[in-house]
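Visitor: My file is coords.tsv. It has TSV, C-alpha atoms and all ligand atoms:
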```tsv
chain	number	residue	atom	x	y	z
A	1	MET	CA	-13.71	-1.44	-110.53
A	2	ASP	CA	-11.93	-4.66	-109.69
A	3	ALA	CA	-9.68	-5.02	-112.76
A	4	LEU	CA	-7.76	-8.29	-112.93
A	5	ILE	CA	-5.91	-7.04	-115.98
A	6	HIS	CA	-5.15	-3.36	-116.47
A	7	ALA	CA	-3.12	-2.32	-119.51
A	8	ARG	CA	-2.38	1.13	-120.88
A	9	GLY	CA	-0.32	1.72	-123.98
A	10	LEU	CA	0.98	-1.85	-123.78
A	11	VAL	CA	3.71	-2.59	-126.33
A	12	LYS	CA	5.61	-5.72	-127.40
A	13	ARG	CA	8.45	-5.26	-129.84
A	14	PHE	CA	10.68	-7.94	-131.36
A	15	ASP	CA	13.81	-6.16	-132.66
A	16	ASP	CA	12.31	-3.57	-135.01
A	17	PHE	CA	8.95	-5.36	-135.40
A	18	THR	CA	6.06	-4.19	-133.22
A	19	ALA	CA	3.72	-7.12	-132.48
A	20	VAL	CA	1.56	-5.25	-129.93
A	21	ASP	CA	1.27	-1.56	-130.60
A	22	GLY	CA	0.01	0.35	-127.58
A	23	ILE	CA	-3.19	-1.35	-126.42
A	24	ASP	CA	-5.49	-0.46	-123.50
A	25	ILE	CA	-7.51	-3.17	-121.74
A	26	ASP	CA	-9.38	-3.71	-118.48
A	27	VAL	CA	-10.60	-7.18	-117.60
A	28	ARG	CA	-13.08	-7.41	-114.72
A	29	ARG	CA	-13.43	-10.22	-112.25
A	30	GLY	CA	-15.87	-12.91	-113.35
A	31	GLU	CA	-16.14	-11.96	-117.00
A	32	ALA	CA	-15.09	-13.82	-120.12
A	33	PHE	CA	-12.88	-11.50	-122.10
A	34	GLY	CA	-11.69	-12.22	-125.63
A	35	PHE	CA	-9.02	-11.13	-128.08
A	36	LEU	CA	-10.39	-11.67	-131.58
A	37	GLY	CA	-8.23	-11.25	-134.63
A	38	PRO	CA	-6.58	-13.01	-137.57
A	39	ASN	CA	-3.20	-14.77	-137.43
A	40	GLY	CA	-0.44	-12.36	-136.57
A	41	ALA	CA	-2.73	-9.75	-135.00
A	42	GLY	CA	-0.73	-9.83	-131.77
A	43	LYS	CA	-3.10	-11.91	-129.63
A	44	SER	CA	-0.57	-14.50	-128.46
A	45	SER	CA	2.06	-11.87	-127.78
A	46	THR	CA	-0.45	-10.07	-125.55
A	47	MET	CA	-1.39	-13.30	-123.78
A	48	ARG	CA	2.25	-14.12	-123.15
A	49	MET	CA	2.74	-10.74	-121.49
A	50	ILE	CA	-0.36	-11.30	-119.36
A	51	GLY	CA	0.92	-14.77	-118.46
A	52	CYS	CA	4.23	-13.23	-117.34
A	53	VAL	CA	6.32	-15.32	-119.73
A	54	SER	CA	7.29	-12.40	-121.97
A	55	PRO	CA	8.08	-8.96	-120.56
A	56	PRO	CA	6.33	-5.90	-122.04
A	57	THR	CA	8.53	-3.57	-124.07
A	58	GLY	CA	6.51	-0.54	-123.07
A	59	GLY	CA	3.39	0.76	-121.35
A	60	VAL	CA	1.62	-0.12	-118.13
A	61	LEU	CA	0.54	-3.66	-117.24
A	62	ARG	CA	-0.97	-4.78	-113.93
A	63	ILE	CA	-2.18	-8.34	-113.41
A	64	LEU	CA	-4.26	-9.13	-110.32
A	65	GLY	CA	-3.10	-5.80	-108.98
A	66	LEU	CA	0.56	-6.82	-109.31
A	67	ASP	CA	3.42	-5.79	-111.60
A	68	PRO	CA	4.57	-8.59	-113.95
A	69	ARG	CA	8.04	-7.08	-114.19
A	70	ARG	CA	8.52	-7.56	-110.45
A	71	ASP	CA	5.93	-10.07	-109.26
A	72	GLY	CA	5.94	-12.67	-112.08
A	73	PRO	CA	6.11	-15.78	-109.85
A	74	ALA	CA	3.37	-14.50	-107.51
A	75	ILE	CA	1.10	-13.74	-110.47
A	76	ARG	CA	1.77	-17.05	-112.23
A	77	ALA	CA	0.82	-18.93	-109.06
A	78	LYS	CA	-2.68	-17.42	-109.33
A	79	LEU	CA	-3.15	-18.00	-113.05
A	80	GLY	CA	-4.28	-21.00	-115.04
A	81	VAL	CA	-2.69	-21.19	-118.46
A	82	CYS	CA	-3.89	-23.18	-121.43
A	83	PRO	CA	-1.31	-22.60	-124.20
A	84	GLN	CA	-2.03	-22.68	-127.92
A	85	LEU	CA	-0.28	-26.04	-128.37
A	86	ASP	CA	-0.92	-28.79	-125.82
A	87	ASN	CA	2.27	-29.38	-123.85
A	88	LEU	CA	1.09	-32.35	-121.83
A	89	ASP	CA	3.61	-34.92	-120.62
A	90	ILE	CA	3.03	-37.85	-122.94
A	91	GLU	CA	4.98	-40.26	-120.73
A	92	LEU	CA	2.53	-39.78	-117.88
A	93	THR	CA	-1.04	-40.92	-117.50
A	94	VAL	CA	-3.95	-38.52	-117.71
A	95	ARG	CA	-4.25	-38.39	-113.91
A	96	GLU	CA	-0.49	-38.04	-113.39
A	97	ASN	CA	-0.44	-35.02	-115.68
A	98	LEU	CA	-2.61	-33.29	-113.10
A	99	THR	CA	-1.01	-34.60	-109.89
A	100	THR	CA	2.53	-33.90	-111.14
A	101	TYR	CA	1.55	-30.38	-112.18
A	102	ALA	CA	-0.03	-29.84	-108.76
A	103	ARG	CA	3.34	-30.50	-107.16
A	104	PHE	CA	4.80	-27.44	-108.91
A	105	PHE	CA	2.36	-25.41	-106.84
A	106	GLY	CA	3.32	-27.17	-103.62
A	107	ILE	CA	-0.08	-28.83	-103.31
A	108	ALA	CA	-0.02	-31.81	-100.90
A	109	ARG	CA	-0.20	-35.23	-102.55
A	110	ARG	CA	-3.54	-36.17	-100.99
A	111	VAL	CA	-5.13	-32.86	-101.95
A	112	ALA	CA	-3.69	-33.18	-105.45
A	113	ARG	CA	-5.23	-36.63	-105.93
A	114	GLN	CA	-8.61	-35.39	-104.75
A	115	ARG	CA	-8.45	-32.32	-106.98
A	116	ALA	CA	-7.32	-34.39	-109.98
A	117	ALA	CA	-10.33	-36.67	-109.51
A	118	GLU	CA	-12.71	-33.69	-109.38
A	119	LEU	CA	-11.15	-32.03	-112.40
A	120	LEU	CA	-11.21	-35.22	-114.48
A	121	GLU	CA	-14.88	-35.50	-113.65
A	122	PHE	CA	-15.37	-31.88	-114.67
A	123	VAL	CA	-13.70	-32.34	-118.07
A	124	GLN	CA	-15.34	-35.74	-118.56
A	125	LEU	CA	-12.13	-37.76	-118.62
A	126	THR	CA	-12.59	-39.91	-115.51
A	127	GLU	CA	-12.75	-43.06	-117.59
A	128	ARG	CA	-9.41	-42.26	-119.18
A	129	ALA	CA	-7.65	-41.37	-115.89
A	130	ASP	CA	-5.15	-44.23	-116.08
A	131	SER	CA	-4.50	-44.20	-119.80
A	132	LYS	CA	-1.49	-42.50	-121.34
A	133	VAL	CA	-1.94	-39.13	-123.02
A	134	GLU	CA	-0.68	-40.11	-126.47
A	135	PRO	CA	-3.76	-42.03	-127.71
A	136	LEU	CA	-6.25	-39.34	-126.59
A	137	SER	CA	-8.12	-37.41	-129.26
A	138	GLY	CA	-7.31	-33.74	-129.84
A	139	GLY	CA	-10.46	-32.70	-127.96
A	140	MET	CA	-9.58	-34.88	-124.97
A	141	LYS	CA	-6.06	-33.46	-124.83
A	142	ARG	CA	-7.51	-29.96	-124.90
A	143	ARG	CA	-9.88	-30.78	-122.06
A	144	LEU	CA	-7.02	-32.28	-120.06
A	145	THR	CA	-4.96	-29.12	-120.66
A	146	ILE	CA	-7.91	-27.09	-119.37
A	147	ALA	CA	-8.15	-29.33	-116.29
A	148	ARG	CA	-4.44	-28.90	-115.71
A	149	ALA	CA	-4.86	-25.12	-115.89
A	150	LEU	CA	-7.37	-25.39	-113.03
A	151	VAL	CA	-5.18	-27.46	-110.68
A	152	ASN	CA	-4.06	-24.45	-108.63
A	153	GLU	CA	-7.62	-23.06	-108.34
A	154	PRO	CA	-6.61	-19.97	-110.35
A	155	GLU	CA	-8.24	-16.56	-110.09
A	156	MET	CA	-8.06	-16.19	-113.85
A	157	VAL	CA	-7.63	-18.67	-116.70
A	158	LEU	CA	-5.79	-17.72	-119.90
A	159	LEU	CA	-6.72	-19.73	-122.99
A	160	ASP	CA	-4.80	-19.21	-126.21
A	161	GLU	CA	-7.01	-20.39	-129.09
A	162	PRO	CA	-8.76	-23.07	-127.01
A	163	THR	CA	-10.43	-24.87	-129.91
A	164	THR	CA	-8.13	-24.34	-132.89
A	165	GLY	CA	-7.70	-27.60	-134.80
A	166	LEU	CA	-10.66	-29.37	-133.17
A	167	ASP	CA	-13.63	-30.79	-135.04
A	168	PRO	CA	-17.06	-29.19	-134.44
A	169	GLN	CA	-18.21	-31.74	-131.87
A	170	ALA	CA	-14.99	-31.48	-129.86
A	171	ARG	CA	-15.21	-27.69	-130.01
A	172	HIS	CA	-18.71	-27.74	-128.60
A	173	LEU	CA	-17.60	-29.95	-125.71
A	174	VAL	CA	-14.80	-27.50	-124.88
A	175	TRP	CA	-17.15	-24.51	-125.17
A	176	GLU	CA	-19.63	-26.20	-122.89
A	177	ARG	CA	-16.95	-26.78	-120.21
A	178	LEU	CA	-15.70	-23.19	-120.52
A	179	PHE	CA	-19.23	-21.91	-120.26
A	180	ARG	CA	-19.66	-23.93	-117.06
A	181	LEU	CA	-16.45	-22.42	-115.64
A	182	LYS	CA	-17.76	-18.97	-116.45
A	183	GLN	CA	-20.99	-19.76	-114.62
A	184	GLN	CA	-18.90	-20.75	-111.61
A	185	GLY	CA	-17.47	-17.23	-111.62
A	186	VAL	CA	-14.01	-18.02	-113.02
A	187	THR	CA	-12.54	-15.15	-115.04
A	188	LEU	CA	-11.68	-16.34	-118.53
A	189	VAL	CA	-9.36	-14.56	-120.94
A	190	LEU	CA	-9.10	-16.11	-124.37
A	191	THR	CA	-7.77	-15.49	-127.83
A	192	THR	CA	-9.49	-16.73	-130.92
A	193	HIS	CA	-9.80	-16.17	-134.62
A	194	TYR	CA	-13.18	-17.85	-134.64
A	195	MET	CA	-15.99	-15.31	-134.51
A	196	ASP	CA	-18.49	-17.95	-133.38
A	197	GLU	CA	-16.26	-18.79	-130.41
A	198	ALA	CA	-16.04	-15.13	-129.46
A	199	GLU	CA	-19.80	-14.73	-129.79
A	200	GLN	CA	-20.54	-17.86	-127.78
A	201	LEU	CA	-18.17	-17.28	-124.90
A	202	CYS	CA	-17.16	-13.66	-124.52
A	203	ASP	CA	-18.97	-11.05	-122.45
A	204	ARG	CA	-16.63	-8.44	-123.88
A	205	LEU	CA	-13.91	-8.54	-126.45
A	206	VAL	CA	-11.40	-6.49	-128.33
A	207	VAL	CA	-10.90	-6.91	-132.06
A	208	MET	CA	-7.17	-6.81	-132.89
A	209	ASP	CA	-5.46	-6.23	-136.19
A	210	GLY	CA	-1.81	-5.42	-136.85
A	211	GLY	CA	-1.02	-5.14	-133.13
A	212	LYS	CA	-3.75	-2.57	-132.49
A	213	ILE	CA	-7.25	-2.71	-131.02
A	214	VAL	CA	-9.65	-1.70	-133.77
A	215	ALA	CA	-12.87	-2.09	-131.73
A	216	ALA	CA	-13.99	-3.07	-128.22
A	217	GLY	CA	-17.28	-4.04	-126.59
A	218	SER	CA	-19.73	-6.88	-126.15
A	219	PRO	CA	-20.33	-9.03	-129.25
A	220	ARG	CA	-23.86	-7.65	-129.51
A	221	ALA	CA	-22.78	-4.02	-129.12
A	222	LEU	CA	-20.07	-4.44	-131.75
A	223	ILE	CA	-22.50	-5.97	-134.23
A	224	GLU	CA	-25.06	-3.24	-133.58
A	225	ARG	CA	-22.50	-0.52	-133.98
A	226	TYR	CA	-20.57	-1.77	-137.00
A	227	SER	CA	-23.04	-3.85	-138.95
A	228	THR	CA	-26.69	-4.09	-139.98
A	229	ARG	CA	-29.26	-6.53	-138.65
A	230	GLU	CA	-29.10	-8.89	-141.60
A	231	VAL	CA	-26.73	-9.81	-144.39
A	232	VAL	CA	-27.61	-11.16	-147.82
A	233	GLU	CA	-24.87	-13.28	-149.39
A	234	LEU	CA	-25.12	-13.49	-153.16
A	235	ARG	CA	-23.09	-15.81	-155.37
A	236	PHE	CA	-23.05	-15.36	-159.12
A	237	ALA	CA	-22.05	-18.22	-161.39
A	238	THR	CA	-20.88	-16.15	-164.33
A	239	GLY	CA	-19.61	-12.66	-165.08
A	240	SER	CA	-17.64	-10.24	-162.95
A	241	GLN	CA	-18.63	-9.64	-159.34
A	242	GLN	CA	-17.91	-5.96	-159.84
A	243	ALA	CA	-20.47	-5.72	-162.66
A	244	TYR	CA	-23.10	-7.28	-160.39
A	245	ALA	CA	-22.08	-5.00	-157.55
A	246	GLU	CA	-22.82	-1.98	-159.74
A	247	LYS	CA	-26.29	-3.32	-160.47
A	248	LEU	CA	-26.89	-3.71	-156.73
A	249	ALA	CA	-26.06	-0.06	-156.09
A	250	GLY	CA	-28.29	1.69	-153.58
A	251	LEU	CA	-29.54	-1.55	-152.09
A	252	GLY	CA	-28.96	-1.74	-148.36
A	253	GLU	CA	-26.60	0.26	-146.20
A	254	ARG	CA	-23.35	-1.15	-147.47
A	255	LEU	CA	-21.99	-3.71	-149.88
A	256	GLU	CA	-18.80	-5.80	-149.76
A	257	VAL	CA	-17.38	-7.54	-152.82
A	258	LEU	CA	-15.41	-10.66	-151.84
A	259	PRO	CA	-13.64	-12.94	-154.35
A	260	ASP	CA	-16.42	-15.53	-154.21
A	261	ARG	CA	-19.50	-13.56	-153.15
A	262	ILE	CA	-21.14	-10.21	-152.62
A	263	LEU	CA	-22.42	-9.24	-149.18
A	264	LEU	CA	-25.32	-6.84	-148.86
A	265	TYR	CA	-25.76	-5.21	-145.46
A	266	VAL	CA	-29.46	-4.58	-144.90
A	267	ALA	CA	-32.13	-4.20	-142.23
A	268	ASP	CA	-34.46	-6.72	-143.85
A	269	GLY	CA	-32.92	-9.58	-145.82
A	270	ASP	CA	-36.10	-10.88	-147.45
A	271	GLU	CA	-37.00	-7.44	-148.71
A	272	ALA	CA	-33.51	-7.06	-150.22
A	273	VAL	CA	-33.77	-10.48	-151.92
A	274	ALA	CA	-37.09	-9.41	-153.47
A	275	GLU	CA	-35.41	-6.27	-154.81
A	276	VAL	CA	-32.53	-8.35	-156.24
A	277	GLN	CA	-35.14	-10.40	-158.10
A	278	ARG	CA	-36.92	-7.26	-159.34
A	279	ARG	CA	-33.61	-6.15	-160.84
A	280	SER	CA	-33.44	-9.53	-162.69
A	281	LEU	CA	-30.00	-10.35	-161.34
A	282	ASP	CA	-30.65	-14.08	-160.87
A	283	PRO	CA	-27.83	-15.13	-158.48
A	284	ALA	CA	-26.76	-18.81	-158.40
A	285	GLY	CA	-26.84	-18.74	-154.58
A	286	VAL	CA	-28.67	-16.60	-152.02
A	287	LEU	CA	-28.28	-16.75	-148.25
A	288	VAL	CA	-29.92	-14.46	-145.72
A	289	ARG	CA	-28.30	-14.51	-142.27
A	290	ARG	CA	-27.89	-12.40	-139.17
A	291	SER	CA	-24.82	-10.17	-138.88
A	292	SER	CA	-21.84	-11.64	-137.06
A	293	LEU	CA	-18.49	-10.50	-135.70
A	294	GLU	CA	-17.01	-11.57	-139.03
A	295	ASP	CA	-18.98	-8.70	-140.59
A	296	VAL	CA	-17.68	-6.32	-137.93
A	297	PHE	CA	-14.11	-7.35	-138.72
A	298	LEU	CA	-14.67	-7.04	-142.45
A	299	HIS	CA	-16.16	-3.59	-142.00
A	300	LEU	CA	-13.29	-2.42	-139.82
A	301	THR	CA	-10.39	-3.87	-141.78
A	302	GLY	CA	-11.67	-4.67	-145.26
A	303	ARG	CA	-10.54	-8.27	-144.77
A	304	THR	CA	-12.13	-11.51	-143.58
A	305	LEU	CA	-10.97	-13.09	-140.31
A	306	VAL	CA	-10.12	-16.51	-141.69
A	307	ASP	CA	-9.01	-16.46	-145.30
B	1	LIG	N1	9.50	-14.19	-130.72
B	1	LIG	C1	9.19	-13.48	-131.80
B	1	LIG	N2	10.12	-12.90	-132.57
B	1	LIG	C2	9.79	-12.16	-133.66
B	1	LIG	N3	8.52	-11.94	-134.07
B	1	LIG	C3	7.55	-12.50	-133.36
B	1	LIG	C4	7.81	-13.30	-132.19
B	1	LIG	N4	6.63	-13.70	-131.69
B	1	LIG	C5	5.67	-13.21	-132.51
B	1	LIG	N5	6.20	-12.48	-133.50
B	1	LIG	C6	5.49	-11.80	-134.57
B	1	LIG	O1	4.54	-10.92	-133.99
B	1	LIG	C7	3.33	-10.90	-134.75
B	1	LIG	C8	2.17	-11.19	-133.85
B	1	LIG	O2	2.26	-12.54	-133.44
B	1	LIG	P1	1.22	-13.20	-132.43
B	1	LIG	O3	1.64	-14.63	-132.27
B	1	LIG	O4	1.14	-12.37	-131.22
B	1	LIG	O5	-0.11	-13.08	-133.24
B	1	LIG	P2	-1.46	-13.83	-133.03
B	1	LIG	O6	-2.52	-12.81	-133.22
B	1	LIG	O7	-1.47	-14.55	-131.75
B	1	LIG	O8	-1.49	-14.86	-134.21
B	1	LIG	P3	-1.57	-16.45	-134.16
B	1	LIG	O9	-3.02	-16.73	-134.29
B	1	LIG	O10	-0.79	-16.85	-135.38
B	1	LIG	O11	-0.95	-16.91	-132.88
B	1	LIG	C9	3.51	-11.92	-135.86
B	1	LIG	O12	3.80	-11.23	-137.05
B	1	LIG	C10	4.68	-12.76	-135.41
B	1	LIG	O13	5.44	-13.23	-136.52
```
Just give me the structure as structure tokens.
Ligand SMILES: Nc1ncnc2c1ncn2[C@@H]1O[C@H](COP(=O)(O)OP(=O)(O)OP(=O)(O)O)[C@@H](O)[C@H]1O
Guide:
Amino acid sequence: MDALIHARGLVKRFDDFTAVDGIDIDVRRGEAFGFLGPNGAGKSSTMRMIGCVSPPTGGVLRILGLDPRRDGPAIRAKLGVCPQLDNLDIELTVRENLTTYARFFGIARRVARQRAAELLEFVQLTERADSKVEPLSGGMKRRLTIARALVNEPEMVLLDEPTTGLDPQARHLVWERLFRLKQQGVTLVLTTHYMDEAEQLCDRLVVMDGGKIVAAGSPRALIERYSTREVVELRFATGSQQAYAEKLAGLGERLEVLPDRILLYVADGDEAVAEVQRRSLDPAGVLVRRSSLEDVFLHLTGRTLVD
């Protein structure tokens, strides 16, 4: 197996706090690999170790077959990094952000200009090439940061929460570009706390919580293993959720009581709704949907991903 990232028992400690608590991962060439988890799960700390900007405290870590403790500069030269917060140079134009960055990699000026033009086309910013960065929308800045991460034609691109803070339309544009990169065979490694992002983009992912991996696999395999086919969401206008939960006993495989709704895990949602009606429960709101990674996370940790 051609593992671009190989980690065994990887640990990151800050003083006496353990942010990453002995994780094992293998990322293969050409796949999109995700770290899914809530804030503070240890995703960014892991990414920073992979990006060779933060040394591991313990365990084994190999990136592109090299040792980050010894070969940091050589590894970084082959990576594209899209950090959680855009750190573009706001005094430069859109194009200059790419050409200037290219110089850090020793790319000749003429090649850099050509590559910048191609990348701006790719991220659909050609028309803004000569404008300053400041007035760009959040989505445009994100796309420019992604373009910048591609300047050195990296073997692997690291994206820390690529669409956090973007509106739905801007998120879709970013997803679409990342999907295109994936189709071109670029290995993508991303962190996210959005289950839909993980489902859309990742071939395989690990679910992290409290510095540990609590589950690993493809989105589909995780849903099949840890959830049911459908979920019925019930909202009750009055009375205690717990009292309703008791009346729903025996319905479906599993039941979760959240502060604002009850989730019923079932094979057939419509059948379950009919049974709810037979029991004269009369919920104020009913929604039948397919299981998602959110349900996997809830099942594994007892908490929702985004509170
Ligand atoms: N430099 C640091 N010093 C001390 N603690 C840190 C440091 N960096 C991160 N942590 C702590 O480690 C834990 C994991 O943080 P990390 O940023 O890796 O989580 P995350 O899953 O990426 O969450 P987020 O979505 O907020 O970035 C957090 O509790 C955080 O406060």
Visitor: Which residue gives the smallest distance to ligand LIG 1 (chain B) among A:Tyr265, A:Phe297, A:Tyr194, A:Tyr101, with only C-alpha atoms and all ligand atoms counted?
Guide: A:Tyr194
Visitor: May I have the residues within 9 Å of ligand LIG 1 (chain B), computed using all atoms listed in the file, as an mmCIF file with C-alpha atoms, keeping the file's coordinate frame?
Guide:
```
data_model
loop_
_atom_site.group_PDB
_atom_site.id
_atom_site.type_symbol
_atom_site.label_atom_id
_atom_site.label_comp_id
_atom_site.auth_asym_id
_atom_site.auth_seq_id
_atom_site.Cartn_x
_atom_site.Cartn_y
_atom_site.Cartn_z
ATOM 1 C CA LYS A 12 5.610 -5.720 -127.400
ATOM 2 C CA ARG A 13 8.450 -5.260 -129.840
ATOM 3 C CA PHE A 14 10.680 -7.940 -131.360
ATOM 4 C CA ASP A 15 13.810 -6.160 -132.660
ATOM 5 C CA PHE A 17 8.950 -5.360 -135.400
ATOM 6 C CA THR A 18 6.060 -4.190 -133.220
ATOM 7 C CA ALA A 19 3.720 -7.120 -132.480
ATOM 8 C CA VAL A 20 1.560 -5.250 -129.930
ATOM 9 C CA PHE A 35 -9.020 -11.130 -128.080
ATOM 10 C CA LEU A 36 -10.390 -11.670 -131.580
ATOM 11 C CA GLY A 37 -8.230 -11.250 -134.630
ATOM 12 C CA PRO A 38 -6.580 -13.010 -137.570
ATOM 13 C CA ASN A 39 -3.200 -14.770 -137.430
ATOM 14 C CA GLY A 40 -0.440 -12.360 -136.570
ATOM 15 C CA ALA A 41 -2.730 -9.750 -135.000
ATOM 16 C CA GLY A 42 -0.730 -9.830 -131.770
ATOM 17 C CA LYS A 43 -3.100 -11.910 -129.630
ATOM 18 C CA SER A 44 -0.570 -14.500 -128.460
ATOM 19 C CA SER A 45 2.060 -11.870 -127.780
ATOM 20 C CA THR A 46 -0.450 -10.070 -125.550
ATOM 21 C CA MET A 47 -1.390 -13.300 -123.780
ATOM 22 C CA ARG A 48 2.250 -14.120 -123.150
ATOM 23 C CA GLN A 84 -2.030 -22.680 -127.920
ATOM 24 C CA ASP A 160 -4.800 -19.210 -126.210
ATOM 25 C CA GLU A 161 -7.010 -20.390 -129.090
ATOM 26 C CA THR A 191 -7.770 -15.490 -127.830
ATOM 27 C CA THR A 192 -9.490 -16.730 -130.920
ATOM 28 C CA HIS A 193 -9.800 -16.170 -134.620
ATOM 29 C CA MET A 208 -7.170 -6.810 -132.890
ATOM 30 C CA ASP A 209 -5.460 -6.230 -136.190
ATOM 31 C CA GLY A 210 -1.810 -5.420 -136.850
ATOM 32 C CA GLY A 211 -1.020 -5.140 -133.130
#
```
Visitor: Rounded to one decimal, what separation in Å do you get between CA of Ala7 (chain A) and CA of Cys202 (chain A)?
Guide: 18.7 Å
Visitor: Fewer than 2 positions away in the same chain doesn't count, so skip those; otherwise give me all residues within 10 Å of Met49 (chain A), counting all atoms listed in the file, as a ChimeraX atom specification.
Guide: /A:10-12,44-47,51-57,61,63,68-69
Visitor: What is the CA of Ala216 (chain A) to CA of Arg204 (chain A) distance in Å?
Guide: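 So the two atoms, CA of Ala216 (chain A) and CA of Arg204 (chain A), lie 7.4 Å apart.
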Visitor: How many Å lie between CA of Thr304 (chain A) and CA of Pro168 (chain A), rounded to one decimal?
Guide: 20.5 Å
Visitor: My list of candidates is A:Ile90, A:Thr99, A:Thr187, A:Arg109. Which is closest to Gly34 (chain A) when distances are computed with all atoms listed in the file?
Guide: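 The closest residue to Gly34 (chain A) is A:Thr187.
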Visitor: I'd like the contact shell of region 226-239 of chain A - 10 Å cut-off, only C-alpha atoms, skipping same-chain residues fewer than 4 positions apart - returned as a ChimeraX atom specification.
Guide: /A:215,221-222,243-244,252-270,272-273,276,281-300
Visitor: Return as a Markdown table the residues of region 75-120 of chain A lying at most 10 Å from region 126-131 of chain A, together with the closest atom-to-atom pair for each and the distance in Å to one decimal, counting all atoms listed in the file, with rows in chain order and ascending residue number.
Guide:
```
| residue | atom | partner | partner_atom | distance |
| --- | --- | --- | --- | --- |
| A:Leu92 | CA | A:Ser131 | CA | 8.5 |
| A:Thr93 | CA | A:Ser131 | CA | 5.3 |
| A:Val94 | CA | A:Ala129 | CA | 5.0 |
| A:Arg95 | CA | A:Ala129 | CA | 4.9 |
| A:Glu96 | CA | A:Asp130 | CA | 8.2 |
| A:Asn97 | CA | A:Ala129 | CA | 9.6 |
| A:Leu98 | CA | A:Ala129 | CA | 9.9 |
| A:Ala116 | CA | A:Ala129 | CA | 9.2 |
| A:Ala117 | CA | A:Thr126 | CA | 7.2 |
| A:Glu118 | CA | A:Thr126 | CA | 8.7 |
| A:Leu119 | CA | A:Thr126 | CA | 8.6 |
| A:Leu120 | CA | A:Thr126 | CA | 5.0 |
```
Visitor: Considering only C-alpha atoms, return as a compact mmCIF listing (two decimals) with C-alpha atoms, in the coordinates of the input whatever protein or nucleic-acid residues lie within 9 Å of Leu150 (chain A), sequence-local ones (same chain, fewer than 5 positions apart) excluded.
Guide:
```
# COMPACT_ATOMS: atom_id res chain seq x y z
CA LEU A 79 -3.15 -18.00 -113.05
CA GLY A 80 -4.28 -21.00 -115.04
CA VAL A 81 -2.69 -21.19 -118.46
CA LEU A 119 -11.15 -32.03 -112.40
CA THR A 145 -4.96 -29.12 -120.66
CA VAL A 157 -7.63 -18.67 -116.70
```
Visitor: Considering only C-alpha atoms, can you say which of A:Leu248, A:Ala149, A:Leu158, A:Ile50 comes closest to Val189 (chain A)?
Guide: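 Of all the options, A:Leu158 lies closest to Val189 (chain A).
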Visitor: Here is a test: counting all atoms listed in the file, which residue of A:Asp86, A:Glu176, A:Asp67, A:Asp203 is nearest to Val27 (chain A)?
Guide: A:Asp203
Visitor: I'd like the neighbourhood of Gly185 (chain A) as a list of chain:residue names, where a residue qualifies if any of its atoms comes within 12 Å (using all atoms listed in the file), though same-chain residues fewer than 6 positions away should be ignored.
Guide: A:Arg28, A:Arg29, A:Gly30, A:Glu31, A:Ala32, A:Glu153, A:Pro154, A:Glu155, A:Met156, A:Val157, A:Leu178, A:Phe179
Visitor: Ranking A:Gln200, A:Leu88, A:Ala108, A:Met195 by minimum distance to Trp175 (chain A) and counting all atoms listed in the file, which one comes first?
Guide: A:Gln200
Visitor: So that all listed atoms of region 173-189 of chain A fit with 6 Å spare on each side, what axis-aligned box centre and edge lengths in Å, to one decimal, would you give as lines of an AutoDock Vina configuration file?
Guide:
```
center_x = -15.2
center_y = -22.3
center_z = -118.7
size_x = 23.6
size_y = 27.4
size_z = 26.1
```
Visitor: Which residues are close to His6 (chain A), i.e. within 9 Å by only C-alpha atoms, leaving aside same-chain residues fewer than 3 positions away? Reply as a VMD selection string.
Guide: chain A and resid 3 24 to 27 60 to 65
Visitor: Please determine, counting all atoms listed in the file, which residue among A:Val206, A:Ile146, A:Ala274, A:Val133 has the shortest atom-to-atom distance to Cys82 (chain A).
Guide: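 Of A:Val206, A:Ile146, A:Ala274, A:Val133, the one nearest Cys82 (chain A) is A:Ile146, counting all atoms listed in the file.
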Visitor: Could you write region 11-18 of chain A of the block just shown to a file containing N, CA and C atoms, as a JSON list (two decimals), in the first residue's frame?
Guide:
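File produced: part-v3.json:
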```
[["chain", "number", "residue", "atom", "x", "y", "z"],
["A", 11, "VAL", "N", 0.60, 11.04, 19.18],
["A", 11, "VAL", "CA", 0.19, 11.82, 20.37],
["A", 11, "VAL", "C", 0.63, 13.27, 20.23],
["A", 12, "LYS", "N", -0.26, 14.20, 20.64],
["A", 12, "LYS", "CA", 0.15, 15.60, 20.80],
["A", 12, "LYS", "C", -0.29, 16.08, 22.17],
["A", 13, "ARG", "N", 0.68, 16.48, 22.97],
["A", 13, "ARG", "CA", 0.39, 16.95, 24.32],
["A", 13, "ARG", "C", 0.79, 18.40, 24.44],
["A", 14, "PHE", "N", -0.04, 19.20, 25.10],
["A", 14, "PHE", "CA", 0.33, 20.57, 25.44],
["A", 14, "PHE", "C", 0.41, 20.61, 26.97],
["A", 15, "ASP", "N", 1.60, 20.76, 27.51],
["A", 15, "ASP", "CA", 1.82, 20.65, 28.97],
["A", 15, "ASP", "C", 1.18, 19.35, 29.45],
["A", 16, "ASP", "N", 0.17, 19.45, 30.34],
["A", 16, "ASP", "CA", -0.42, 18.19, 30.82],
["A", 16, "ASP", "C", -1.73, 17.86, 30.11],
["A", 17, "PHE", "N", -2.04, 18.63, 29.02],
["A", 17, "PHE", "CA", -3.28, 18.35, 28.28],
["A", 17, "PHE", "C", -2.97, 17.55, 27.00],
["A", 18, "THR", "N", -3.69, 16.44, 26.82],
["A", 18, "THR", "CA", -3.45, 15.61, 25.64],
["A", 18, "THR", "C", -4.50, 15.92, 24.57]]
```
